[in-house]
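Colleague: Quick one: the structure is below, questions incoming.
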Amino acid sequence: MSTAPLPDAVATAAAVTAGTISPVELVEAVLERVERIDPVLNSYTTLLRGRALARAHAIGRTTGTTPRPLPGLPVAVKDNLHVAGAPTSLGVYPPAVAEPVRSAEAVRLLERAGAVVLGKTNLHQLAYGATGDVSAFGPVRNPHDPARMAGGSSGGSAAAVAAGLCAAALGTDTGGSVRVPAALCGVVGLKPTRGAVGTGGVVPLGPTLDCVGLLTRTVRDCAALFAVLAGRTTPRDTAARERLDGYRIGVPDAFYFDDVQPAVGAACLRALDTKSKLVVI
C-alpha cells in the first residue's frame, strides 16, 4: 500500500493561494484517492462528498479576495467530534448522535481558516482502545502494511493522513489516542496542553483529560494547523521562539527502553542529546 504522494499541508495551501490548483480540483483528486484506496484501509466512516465539494466551490470563489491560512485544505475529522449535519458514530451503530446541528469548536476553526472537511474517520469504539481494531465499521488497517493495525483510538485519522487520503486530520487524545496511531502509522501526532484547543462539540471520554489533537505528515504542518486551533493566524514568529536551555527532562531508565526497536531508542536518545536546539513553536 503506497503512502501519501501529495504535497504536505503547508505546500498544498500555498499552491491554492497561488492559483496553481483550485480547491475544487484538489478536493476532487483527494476524494478520488479515498474512493480507490480506502476500501482496503477502512479509515473513513462517512465520506461527505457533496458537502466537501460545495465548500470547495465556495472557497474557490473567495480565494483571491479573502486570504485564509488553509484555503481548500482537505482535512478529516475523527468520528467523535461533531460536524454539523453529519452523524457522529463513535464507532457504534446506529450512530451515537444522528445529526448534530453544530460542529465542534476545532472543526469550526479549521473551516473558518479555509479547510474542507472530507469526512469522518474511523476510531476504536467509543474512543476507548489503543488498537483501532474494534469498531462497528470494522478495523482500521495500517497503510504501510494492511495486515497490521493502525493503532487507536484515532486510528482512522492517522491512517488517512499517512495514505494521503487527507492533508491533515483531527483526533482526540485522553490517554494516548493521538500519539499511539501516529507512531504506528509514521505520522506526526500532537496532544496539545489541555485547554490549548477547545473541546466543545467533542463527545467526552474523560472530561478532565480529553484533548483535541492533530495528525499531520510534517512538524511544519502540525505547527500551522495548531496555530489555527489555538486562535493564532500563523505559528509563533521565529524571533519569538524560546530556547529550552535550563529545562530538565526526566528520562526513565526502564520500561520505555526495555522492549523497543534499537533504531527507535537511538533516535530518542539523539533527540535528548540535542535538546538545547529544540524550540517551542
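Labels for the C-alpha cells follow display order: chains A, B, ..., residues from 1 in each chain, ligands from 1.
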Run DSSP on the backbone of this structure and report the residues of region 52-255 of chain A it assigns to alpha helix (DSSP H), as a PyMOL selection string.
Modeller: chain A and resi 52-62+105-112+155-162+179-185+219-229
Colleague: With N, CA and C atoms retained, export the selected residues as a compact mmCIF listing (two decimals), in the first residue's frame.
Modeller:
# COMPACT_ATOMS: atom_id res chain seq x y z
N ALA A 52 -18.28 18.54 0.95
CA ALA A 52 -16.90 18.95 0.69
C ALA A 52 -16.79 19.71 -0.63
N LEU A 53 -17.45 19.22 -1.67
CA LEU A 53 -17.35 19.88 -2.98
C LEU A 53 -18.05 21.24 -2.96
N ALA A 54 -19.17 21.32 -2.25
CA ALA A 54 -19.85 22.62 -2.15
C ALA A 54 -18.96 23.63 -1.45
N ARG A 55 -18.29 23.19 -0.40
CA ARG A 55 -17.40 24.10 0.33
C ARG A 55 -16.18 24.46 -0.53
N ALA A 56 -15.65 23.49 -1.29
CA ALA A 56 -14.51 23.78 -2.15
C ALA A 56 -14.87 24.83 -3.21
N HIS A 57 -16.07 24.73 -3.78
CA HIS A 57 -16.52 25.73 -4.74
C HIS A 57 -16.61 27.11 -4.08
N ALA A 58 -17.15 27.14 -2.86
CA ALA A 58 -17.28 28.42 -2.15
C ALA A 58 -15.91 29.03 -1.84
N ILE A 59 -14.97 28.19 -1.40
CA ILE A 59 -13.62 28.67 -1.12
C ILE A 59 -12.97 29.19 -2.40
N GLY A 60 -13.18 28.49 -3.50
CA GLY A 60 -12.60 28.89 -4.77
C GLY A 60 -13.07 30.26 -5.22
N ARG A 61 -14.32 30.57 -4.92
CA ARG A 61 -14.87 31.88 -5.33
C ARG A 61 -14.29 33.03 -4.53
N THR A 62 -13.74 32.75 -3.35
CA THR A 62 -13.26 33.84 -2.49
C THR A 62 -11.75 33.81 -2.25
N GLU A 105 -15.92 22.89 18.09
CA GLU A 105 -15.16 24.15 18.04
C GLU A 105 -13.94 24.02 17.14
N ALA A 106 -13.20 22.92 17.25
CA ALA A 106 -11.99 22.75 16.44
C ALA A 106 -12.33 22.67 14.96
N VAL A 107 -13.43 22.02 14.62
CA VAL A 107 -13.86 21.94 13.22
C VAL A 107 -14.21 23.32 12.69
N ARG A 108 -14.93 24.09 13.49
CA ARG A 108 -15.31 25.44 13.05
C ARG A 108 -14.09 26.31 12.81
N LEU A 109 -13.07 26.18 13.66
CA LEU A 109 -11.85 26.97 13.48
C LEU A 109 -11.12 26.59 12.19
N LEU A 110 -11.03 25.30 11.90
CA LEU A 110 -10.38 24.87 10.66
C LEU A 110 -11.15 25.35 9.44
N GLU A 111 -12.49 25.24 9.49
CA GLU A 111 -13.29 25.69 8.35
C GLU A 111 -13.20 27.20 8.17
N ARG A 112 -13.16 27.93 9.27
CA ARG A 112 -13.02 29.38 9.18
C ARG A 112 -11.70 29.75 8.51
N GLY A 155 -7.18 5.90 15.07
CA GLY A 155 -6.51 5.17 14.01
C GLY A 155 -6.91 5.60 12.62
N GLY A 156 -8.19 5.90 12.41
CA GLY A 156 -8.62 6.33 11.08
C GLY A 156 -7.98 7.63 10.65
N SER A 157 -7.84 8.56 11.58
CA SER A 157 -7.21 9.84 11.26
C SER A 157 -5.75 9.64 10.88
N ALA A 158 -5.03 8.81 11.65
CA ALA A 158 -3.62 8.58 11.37
C ALA A 158 -3.43 7.87 10.04
N ALA A 159 -4.24 6.84 9.78
CA ALA A 159 -4.12 6.09 8.53
C ALA A 159 -4.45 6.96 7.33
N ALA A 160 -5.48 7.79 7.45
CA ALA A 160 -5.87 8.66 6.34
C ALA A 160 -4.77 9.65 6.00
N VAL A 161 -4.14 10.22 7.02
CA VAL A 161 -3.04 11.16 6.77
C VAL A 161 -1.87 10.45 6.13
N ALA A 162 -1.49 9.29 6.66
CA ALA A 162 -0.33 8.56 6.14
C ALA A 162 -0.54 8.13 4.69
N ARG A 179 -1.26 9.89 19.93
CA ARG A 179 0.17 9.55 19.88
C ARG A 179 0.43 8.11 19.47
N VAL A 180 -0.40 7.18 19.91
CA VAL A 180 -0.21 5.76 19.55
C VAL A 180 -0.38 5.54 18.05
N PRO A 181 -1.53 5.93 17.44
CA PRO A 181 -1.65 5.70 16.00
C PRO A 181 -0.67 6.52 15.17
N ALA A 182 -0.28 7.70 15.65
CA ALA A 182 0.73 8.47 14.92
C ALA A 182 2.02 7.67 14.83
N ALA A 183 2.42 7.06 15.94
CA ALA A 183 3.64 6.26 15.95
C ALA A 183 3.52 5.05 15.04
N LEU A 184 2.37 4.38 15.08
CA LEU A 184 2.19 3.15 14.29
C LEU A 184 2.08 3.43 12.80
N CYS A 185 1.56 4.60 12.44
CA CYS A 185 1.37 4.92 11.02
C CYS A 185 2.47 5.82 10.46
N VAL A 219 6.10 18.19 10.86
CA VAL A 219 6.03 19.08 12.02
C VAL A 219 5.58 20.48 11.59
N ARG A 220 6.04 20.92 10.43
CA ARG A 220 5.62 22.24 9.93
C ARG A 220 4.11 22.30 9.75
N ASP A 221 3.53 21.24 9.18
CA ASP A 221 2.08 21.19 9.04
C ASP A 221 1.40 21.27 10.40
N CYS A 222 1.94 20.53 11.35
CA CYS A 222 1.35 20.49 12.69
C CYS A 222 1.37 21.89 13.31
N ALA A 223 2.48 22.60 13.15
CA ALA A 223 2.58 23.96 13.69
C ALA A 223 1.56 24.89 13.04
N ALA A 224 1.38 24.76 11.73
CA ALA A 224 0.45 25.65 11.01
C ALA A 224 -0.99 25.40 11.44
N LEU A 225 -1.38 24.14 11.56
CA LEU A 225 -2.75 23.84 11.95
C LEU A 225 -2.99 24.12 13.43
N PHE A 226 -1.98 23.86 14.26
CA PHE A 226 -2.15 24.15 15.68
C PHE A 226 -2.32 25.65 15.91
N ALA A 227 -1.61 26.46 15.13
CA ALA A 227 -1.77 27.91 15.25
C ALA A 227 -3.23 28.30 15.04
N VAL A 228 -3.88 27.67 14.07
CA VAL A 228 -5.29 27.96 13.80
C VAL A 228 -6.16 27.51 14.97
N LEU A 229 -5.92 26.29 15.46
CA LEU A 229 -6.72 25.75 16.55
C LEU A 229 -6.52 26.52 17.85
Colleague: Measure the distance from CA of His144 (chain A) to CA of Tyr93 (chain A) in Å and round it to one decimal.
Modeller: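 Answer for the CA of His144 (chain A) to CA of Tyr93 (chain A) separation: 28.1 Å.
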Colleague: So that I can see what lies close to Gly129 (chain A), please list as a ChimeraX atom specification the residues with an atom at most 12 Å from it, counting only C-alpha atoms and leaving out residues fewer than 6 positions away in the same chain.
Modeller: /A:90-91,123,135,139,150-155,173-178,180-181,205
Colleague: Using only C-alpha atoms, which residue out of A:Asp145, A:Asp210, A:Asp133, A:Glu32 lies closest to Arg194 (chain A)?
Modeller: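 For Arg194 (chain A), the nearest of the given residues is A:Asp210.
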Colleague: Which one of A:Asp38, A:Lys78, A:Ala98, A:Val16 sits closest to Gly64 (chain A) if you count only C-alpha atoms?
Modeller: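 That would be A:Val16, the residue with the smallest distance to Gly64 (chain A).
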Colleague: Tell me which of A:Asp79, A:Pro100, A:Thr63, A:Gly164 sits closest to His124 (chain A), counting only C-alpha atoms.
Modeller: A:Asp79
Colleague: Name all residues at most 12 Å from Val97 (chain A) (count only C-alpha atoms; drop same-chain ones fewer than 5 positions away) and give them as an MDAnalysis selection string.
Modeller: chainID A and resid 79:92 102 201:203
Colleague: Let's have the selection written as a short mmCIF file (atom, residue, chain, number, x, y, z; two decimals), in the first residue's frame, with N, CA, C and O atoms.
Modeller:
data_model
loop_
_atom_site.label_atom_id
_atom_site.label_comp_id
_atom_site.auth_asym_id
_atom_site.auth_seq_id
_atom_site.Cartn_x
_atom_site.Cartn_y
_atom_site.Cartn_z
N ASP A 79 -14.40 10.57 14.29
CA ASP A 79 -15.85 10.44 14.41
C ASP A 79 -16.35 10.46 15.86
O ASP A 79 -17.30 9.77 16.20
N ASN A 80 -15.68 11.25 16.70
CA ASN A 80 -16.25 11.60 18.00
C ASN A 80 -16.29 13.12 18.17
O ASN A 80 -16.60 13.61 19.25
N LEU A 81 -15.98 13.84 17.08
CA LEU A 81 -16.17 15.29 17.03
C LEU A 81 -17.35 15.57 16.10
O LEU A 81 -17.46 14.97 15.03
N HIS A 82 -18.20 16.49 16.49
CA HIS A 82 -19.37 16.79 15.68
C HIS A 82 -18.99 17.58 14.43
O HIS A 82 -18.17 18.50 14.47
N VAL A 83 -19.60 17.21 13.32
CA VAL A 83 -19.62 18.00 12.09
C VAL A 83 -21.08 18.22 11.77
O VAL A 83 -21.84 17.25 11.61
N ALA A 84 -21.51 19.46 11.70
CA ALA A 84 -22.92 19.78 11.55
C ALA A 84 -23.53 19.02 10.37
O ALA A 84 -23.01 19.05 9.26
N GLY A 85 -24.63 18.33 10.63
CA GLY A 85 -25.36 17.63 9.59
C GLY A 85 -24.86 16.24 9.28
O GLY A 85 -25.50 15.51 8.51
N ALA A 86 -23.73 15.84 9.88
CA ALA A 86 -23.18 14.50 9.64
C ALA A 86 -23.27 13.69 10.92
O ALA A 86 -23.09 14.23 12.02
N PRO A 87 -23.54 12.39 10.82
CA PRO A 87 -23.64 11.58 12.04
C PRO A 87 -22.31 11.51 12.79
O PRO A 87 -21.25 11.51 12.19
N THR A 88 -22.40 11.48 14.11
CA THR A 88 -21.24 11.24 14.96
C THR A 88 -21.40 9.83 15.51
O THR A 88 -22.23 9.58 16.37
N SER A 89 -20.60 8.89 15.01
CA SER A 89 -20.87 7.48 15.30
C SER A 89 -20.22 6.98 16.59
O SER A 89 -20.75 6.11 17.25
N LEU A 90 -19.02 7.47 16.92
CA LEU A 90 -18.21 6.90 18.00
C LEU A 90 -17.84 5.44 17.73
O LEU A 90 -17.50 4.69 18.64
N GLY A 91 -17.93 5.03 16.47
CA GLY A 91 -17.61 3.65 16.15
C GLY A 91 -18.69 2.67 16.53
O GLY A 91 -18.43 1.46 16.61
N VAL A 92 -19.91 3.17 16.77
CA VAL A 92 -21.03 2.29 17.08
C VAL A 92 -22.12 2.51 16.05
O VAL A 92 -22.14 3.52 15.33
N ARG A 102 -24.50 21.57 15.26
CA ARG A 102 -23.37 22.49 15.35
C ARG A 102 -22.07 21.70 15.35
O ARG A 102 -21.95 20.68 16.05
N GLY A 201 -18.08 20.32 21.51
CA GLY A 201 -18.51 19.51 20.38
C GLY A 201 -17.79 18.19 20.26
O GLY A 201 -17.94 17.47 19.27
N VAL A 202 -16.99 17.83 21.28
CA VAL A 202 -16.35 16.51 21.34
C VAL A 202 -17.16 15.65 22.31
O VAL A 202 -17.45 16.07 23.43
N VAL A 203 -17.54 14.45 21.90
CA VAL A 203 -18.22 13.54 22.81
C VAL A 203 -17.20 13.10 23.86
O VAL A 203 -16.17 12.53 23.52
#
Colleague: Please determine, counting only C-alpha atoms, which residue among A:Ala18, A:Leu215, A:Ala76, A:Leu269 has the shortest atom-to-atom distance to Val34 (chain A).
Modeller: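 Going through A:Ala18, A:Leu215, A:Ala76, A:Leu269 one by one, the smallest distance to Val34 (chain A) is for A:Ala76.
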Colleague: Can you pull out the residues contacting Tyr44 (chain A)? Cut-off 7 Å, using only C-alpha atoms, and skip same-chain residues under 2 positions away; I want them as a list in words.
Modeller: Asn42, Thr46, Leu47, Gly119, Lys120, Thr121, Asn122 and Gly156 of chain A
Colleague: Deliver the residues from the most recent selection as a file, using N, CA, C and O atoms, as a CSV table (one decimal), in the first residue's frame.
Modeller:
chain,number,residue,atom,x,y,z
A,42,ASN,N,-10.1,1.3,5.4
A,42,ASN,CA,-11.2,1.5,6.2
A,42,ASN,C,-11.0,2.6,7.2
A,42,ASN,O,-11.4,2.6,8.4
A,46,THR,N,-17.6,8.0,7.3
A,46,THR,CA,-18.6,8.7,6.5
A,46,THR,C,-17.8,9.7,5.6
A,46,THR,O,-16.9,10.4,6.0
A,47,LEU,N,-18.1,9.6,4.3
A,47,LEU,CA,-17.4,10.5,3.3
A,47,LEU,C,-18.5,11.6,2.9
A,47,LEU,O,-19.6,11.2,2.5
A,119,GLY,N,-14.6,14.1,5.5
A,119,GLY,CA,-15.4,13.1,6.1
A,119,GLY,C,-15.0,12.9,7.5
A,119,GLY,O,-14.1,13.5,8.1
A,120,LYS,N,-15.7,11.8,8.1
A,120,LYS,CA,-15.4,11.4,9.5
A,120,LYS,C,-14.6,10.2,9.5
A,120,LYS,O,-14.8,9.3,8.7
A,121,THR,N,-13.6,10.1,10.4
A,121,THR,CA,-12.7,8.9,10.4
A,121,THR,C,-13.0,7.9,11.5
A,121,THR,O,-13.5,8.2,12.6
A,122,ASN,N,-12.7,6.7,11.1
A,122,ASN,CA,-13.0,5.5,12.0
A,122,ASN,C,-12.1,5.6,13.3
A,122,ASN,O,-11.1,6.2,13.3
A,156,GLY,N,-8.2,5.9,12.4
A,156,GLY,CA,-8.6,6.3,11.1
A,156,GLY,C,-8.0,7.6,10.7
A,156,GLY,O,-7.6,7.8,9.5
Colleague: For the atom pair CA of Ser43 (chain A) and CA of Val140 (chain A), what is the interatomic distance in Å to one decimal place?
Modeller: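 About the pair CA of Ser43 (chain A) and CA of Val140 (chain A): they are 5.5 Å apart.
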Colleague: In Å to one decimal, how far is CA of Ala115 (chain A) from CA of Pro67 (chain A)?
Modeller: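 CA of Pro67 (chain A) sits 12.3 Å away from CA of Ala115 (chain A).
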Colleague: So which residues touch Val251 (chain A) within 12 Å, counting only C-alpha atoms, skipping near sequence neighbours fewer than 5 positions away, as number ranges by chain?
Modeller: A: 256-257, 265, 268-269, 271-273
Colleague: Determine the nearest neighbour of Pro39 (chain A) from the options A:Gly19, A:Val101, A:Gly206, A:Leu165, counting only C-alpha atoms.
Modeller: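 The closest residue to Pro39 (chain A) is A:Leu165.
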Colleague: My list of candidates is A:Val197, A:Val117, A:Arg248, A:Ala11. Which is closest to Ala230 (chain A) when distances are computed with only C-alpha atoms?
Modeller: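 Result for the nearest residue to Ala230 (chain A): A:Val197.
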